[in-house]
Amino acid sequence: MVKAYLRYEFSGAFGVINSGPAPCYDASGKLLVTAALENLAVWNVKQGSLAATLVPGPSTSGGASTSSSHAAAAEVTCITRAPGNSPLIAAGYADGSVRIWDLSSNDCVVTLKGHKAGVTALRFSPSGAQLASGSKDTDIILWDVVGETGLFRLRGHKDQVTDLAFVSSDGSSSYGWLVSSSKDALVKAWDLDTQHCCQTLTGHKGEVWALDVDPSESRLVTGSTDHELRVYAIDAAAASTSAPSTSTPQPSSGTQGGVSKTGNGLAAQASGRAPLLRSIGSVKRQA
């Protein structure tokens, strides 16, 4: 028997290539960032080689870690990158922290703490100046990336936040809106200037795990475990120009408790304010 395996010698190992969260490219498209347990692995796609490993430091700060802090570090749970040509990458961790990394120097810029459970959703604003994070603790926190601090917390979901998406304002407001999905089967639109939920979509019959806004910010699509995709039209101009009433909000026709009973889930939370999202259709997978 020819022992062909004796011709080869061990030269190295990559270790963990991807431990679960969806990977993301950098701004150039040449580097791919993946979660490798508690670390981030930066891969050169063209060469197929490991370019860098981003190791979290002690829980109090970023930077290089010691062996004890390395062993105690929490796993990466989600990754996202800043828009445009920014070299920043944000990573959420199982201990509720969020770290922002600079791929140009491979350094941890800041560690943000505010969640009581693992971070499950991250999204930068279109300008890259804000970062929204959602968690298993059902909270959403809006962070100031430049100021390296938390701005405010949004509460309303009853279960884990699964995805986030920003909708830009038409210039009349500072932050615009944030749309969130959750395992509680609800999709919520948040007015970031008033810091309250302005609309709740109740059409899905199962956990909502994904949503996204098209580049022109005219459509929102949500996906759920009920095997259905729902499409909504975005009307930022109407939502920002209609002034909310100062009177006590009353359920509109066909609604009960501010939540639509018709299935499209288009209940504006403030009386007199036009809804940001309007249902225009759905696609259901056939059995």
# chains A, B, ... in the order shown; residues from 1 in each chain; ligands from 1
$ residues_around --residues "Ala132 in chain A" --least-positions-apart "5" --cutoff "7 Å" --atoms "only C-alpha atoms" --output "list in words"
Leu122, Arg123, Phe124, Ile140, Ile141, Leu142 and Trp143 of chain A
$ residues_around --residues "range 151-154 of chain A" --least-positions-apart "5" --cutoff "10 Å" --atoms "only C-alpha atoms" --output "list in words"
Gly114, His115, Gln130, Leu131, Ala132, Ser133, Gly134, Thr138, Asp139, Ile140, Ile141, Leu142, Trp143, Asp144, Val145, Trp190, Leu192, Gln195, His196 and Cys197 of chain A
$ write_last_selection --atoms "N, CA and C atoms" --output "PDB file, in the first residue's frame"
ATOM      1  N   GLY A 114     -24.965  48.736  26.857  1.00  0.00           N
ATOM      2  CA  GLY A 114     -26.293  49.235  27.184  1.00  0.00           C
ATOM      3  C   GLY A 114     -27.336  48.134  27.231  1.00  0.00           C
ATOM      4  N   HIS A 115     -27.071  47.019  26.545  1.00  0.00           N
ATOM      5  CA  HIS A 115     -28.018  45.905  26.517  1.00  0.00           C
ATOM      6  C   HIS A 115     -27.745  44.925  27.654  1.00  0.00           C
ATOM      7  N   GLN A 130     -25.061  57.501  13.070  1.00  0.00           N
ATOM      8  CA  GLN A 130     -25.753  56.783  14.140  1.00  0.00           C
ATOM      9  C   GLN A 130     -25.709  55.284  13.874  1.00  0.00           C
ATOM     10  N   LEU A 131     -25.821  54.533  14.951  1.00  0.00           N
ATOM     11  CA  LEU A 131     -25.870  53.077  14.885  1.00  0.00           C
ATOM     12  C   LEU A 131     -27.016  52.612  15.766  1.00  0.00           C
ATOM     13  N   ALA A 132     -27.892  51.775  15.218  1.00  0.00           N
ATOM     14  CA  ALA A 132     -28.999  51.208  15.985  1.00  0.00           C
ATOM     15  C   ALA A 132     -28.686  49.761  16.309  1.00  0.00           C
ATOM     16  N   SER A 133     -28.970  49.363  17.535  1.00  0.00           N
ATOM     17  CA  SER A 133     -28.750  47.984  17.955  1.00  0.00           C
ATOM     18  C   SER A 133     -30.006  47.438  18.604  1.00  0.00           C
ATOM     19  N   GLY A 134     -30.333  46.182  18.306  1.00  0.00           N
ATOM     20  CA  GLY A 134     -31.459  45.490  18.916  1.00  0.00           C
ATOM     21  C   GLY A 134     -30.957  44.256  19.623  1.00  0.00           C
ATOM     22  N   THR A 138     -35.170  42.836  24.177  1.00  0.00           N
ATOM     23  CA  THR A 138     -36.299  43.489  23.482  1.00  0.00           C
ATOM     24  C   THR A 138     -36.099  44.993  23.304  1.00  0.00           C
ATOM     25  N   ASP A 139     -34.992  45.547  23.756  1.00  0.00           N
ATOM     26  CA  ASP A 139     -34.744  46.986  23.623  1.00  0.00           C
ATOM     27  C   ASP A 139     -34.007  47.312  22.329  1.00  0.00           C
ATOM     28  N   ILE A 140     -34.193  48.553  21.873  1.00  0.00           N
ATOM     29  CA  ILE A 140     -33.436  49.119  20.759  1.00  0.00           C
ATOM     30  C   ILE A 140     -32.717  50.354  21.281  1.00  0.00           C
ATOM     31  N   ILE A 141     -31.433  50.463  20.983  1.00  0.00           N
ATOM     32  CA  ILE A 141     -30.655  51.622  21.427  1.00  0.00           C
ATOM     33  C   ILE A 141     -30.083  52.319  20.199  1.00  0.00           C
ATOM     34  N   LEU A 142     -30.218  53.641  20.164  1.00  0.00           N
ATOM     35  CA  LEU A 142     -29.603  54.445  19.110  1.00  0.00           C
ATOM     36  C   LEU A 142     -28.326  55.057  19.672  1.00  0.00           C
ATOM     37  N   TRP A 143     -27.209  54.800  18.981  1.00  0.00           N
ATOM     38  CA  TRP A 143     -25.894  55.242  19.430  1.00  0.00           C
ATOM     39  C   TRP A 143     -25.376  56.360  18.533  1.00  0.00           C
ATOM     40  N   ASP A 144     -24.652  57.291  19.138  1.00  0.00           N
ATOM     41  CA  ASP A 144     -23.943  58.329  18.401  1.00  0.00           C
ATOM     42  C   ASP A 144     -22.541  57.802  18.115  1.00  0.00           C
ATOM     43  N   VAL A 145     -22.262  57.499  16.850  1.00  0.00           N
ATOM     44  CA  VAL A 145     -20.979  56.905  16.489  1.00  0.00           C
ATOM     45  C   VAL A 145     -19.834  57.891  16.695  1.00  0.00           C
ATOM     46  N   TRP A 190     -40.489  53.717  14.209  1.00  0.00           N
ATOM     47  CA  TRP A 190     -40.173  54.625  15.315  1.00  0.00           C
ATOM     48  C   TRP A 190     -39.807  55.998  14.765  1.00  0.00           C
ATOM     49  N   LEU A 192     -37.703  58.936  15.308  1.00  0.00           N
ATOM     50  CA  LEU A 192     -36.497  59.135  16.100  1.00  0.00           C
ATOM     51  C   LEU A 192     -36.379  60.542  16.665  1.00  0.00           C
ATOM     52  N   GLN A 195     -38.902  60.039  19.567  1.00  0.00           N
ATOM     53  CA  GLN A 195     -38.481  58.852  20.318  1.00  0.00           C
ATOM     54  C   GLN A 195     -39.673  58.001  20.761  1.00  0.00           C
ATOM     55  N   HIS A 196     -40.658  57.839  19.876  1.00  0.00           N
ATOM     56  CA  HIS A 196     -41.785  56.983  20.200  1.00  0.00           C
ATOM     57  C   HIS A 196     -42.183  56.168  18.974  1.00  0.00           C
ATOM     58  N   CYS A 197     -42.948  55.106  19.208  1.00  0.00           N
ATOM     59  CA  CYS A 197     -43.439  54.263  18.120  1.00  0.00           C
ATOM     60  C   CYS A 197     -44.600  54.964  17.439  1.00  0.00           C
TER      61      CYS A 197
END
$ closest_atom_pairs --of "range 77-131 of chain A" --to "range 20-30 of chain A" --cutoff "7 Å" --atoms "only C-alpha atoms" --output "JSON lines"
{"residue": "A:Thr77", "atom": "CA", "partner": "A:Pro21", "partner_atom": "CA", "distance": 5.7}
{"residue": "A:Cys78", "atom": "CA", "partner": "A:Pro21", "partner_atom": "CA", "distance": 5.2}
{"residue": "A:Ile79", "atom": "CA", "partner": "A:Pro23", "partner_atom": "CA", "distance": 6.8}
{"residue": "A:Thr80", "atom": "CA", "partner": "A:Cys24", "partner_atom": "CA", "distance": 6.5}
{"residue": "A:Arg81", "atom": "CA", "partner": "A:Asp26", "partner_atom": "CA", "distance": 6.8}
{"residue": "A:Gly84", "atom": "CA", "partner": "A:Ala27", "partner_atom": "CA", "distance": 6.6}
{"residue": "A:Asn85", "atom": "CA", "partner": "A:Ala27", "partner_atom": "CA", "distance": 5.2}
{"residue": "A:Ser86", "atom": "CA", "partner": "A:Ala27", "partner_atom": "CA", "distance": 6.6}
{"residue": "A:Pro87", "atom": "CA", "partner": "A:Ala27", "partner_atom": "CA", "distance": 6.7}
$ residues_around --residues "Ser182 in chain A" --least-positions-apart "5" --cutoff "7 Å" --atoms "only C-alpha atoms" --output "list in words"
His157, Asp159, Gln160, Val161, Thr162, Val187, Glu207, Val208 and Trp209 of chain A
$ select_by_dssp --residues "range 39-244 of chain A" --states "strand (DSSP E)" --output "VMD selection string"
chain A and resid 39 to 44 49 to 54 76 to 81 88 to 93 97 to 102 107 to 113 119 to 124 130 to 135 140 to 144 149 to 154 161 to 167 177 to 182 187 to 191 196 to 201 208 to 213 219 to 224 228 to 234
$ atom_distance --atom1 "CA of Gly203 in chain A" --atom2 "CA of Val179 in chain A"
14.9 Å
$ closest_residue --among "A:Leu31, A:Ala189, A:Arg230, A:Cys198" --to "Gly48 in chain A" --atoms "only C-alpha atoms"
A:Leu31
$ select_by_dssp --residues "range 1-158 of chain A" --states "alpha helix (DSSP H)" --output "list in words"
Ser67, Ser68, Ser69, His70, Ala71 and Ala72 of chain A
$ write_last_selection --atoms "C-alpha atoms" --output "JSON list (two decimals), in the first residue's frame"
[["chain", "number", "residue", "atom", "x", "y", "z"],
["A", 67, "SER", "CA", -5.08, 35.25, 27.79],
["A", 68, "SER", "CA", -7.54, 35.51, 30.69],
["A", 69, "SER", "CA", -9.74, 38.14, 29.03],
["A", 70, "HIS", "CA", -9.54, 36.25, 25.73],
["A", 71, "ALA", "CA", -10.96, 33.12, 27.38],
["A", 72, "ALA", "CA", -13.83, 35.06, 28.97]]
$ residues_around --residues "Leu37 in chain A" --least-positions-apart "3" --cutoff "12 Å" --atoms "only C-alpha atoms" --output "list in words"
Gly15, Val16, Ile17, Asn18, Ser19, Gly20, Pro21, Thr34, Leu40, Ala41, Thr53, Leu54, Val55, Pro56, His70, Ala71, Ala72, Ala73, Ala74, Glu75, Val76, Thr77, Cys78, Ala91, Gly92, Tyr93 and Ala94 of chain A
$ atom_distance --atom1 "CA of Ala274 in chain A" --atom2 "CA of Ile234 in chain A"
11.1 Å
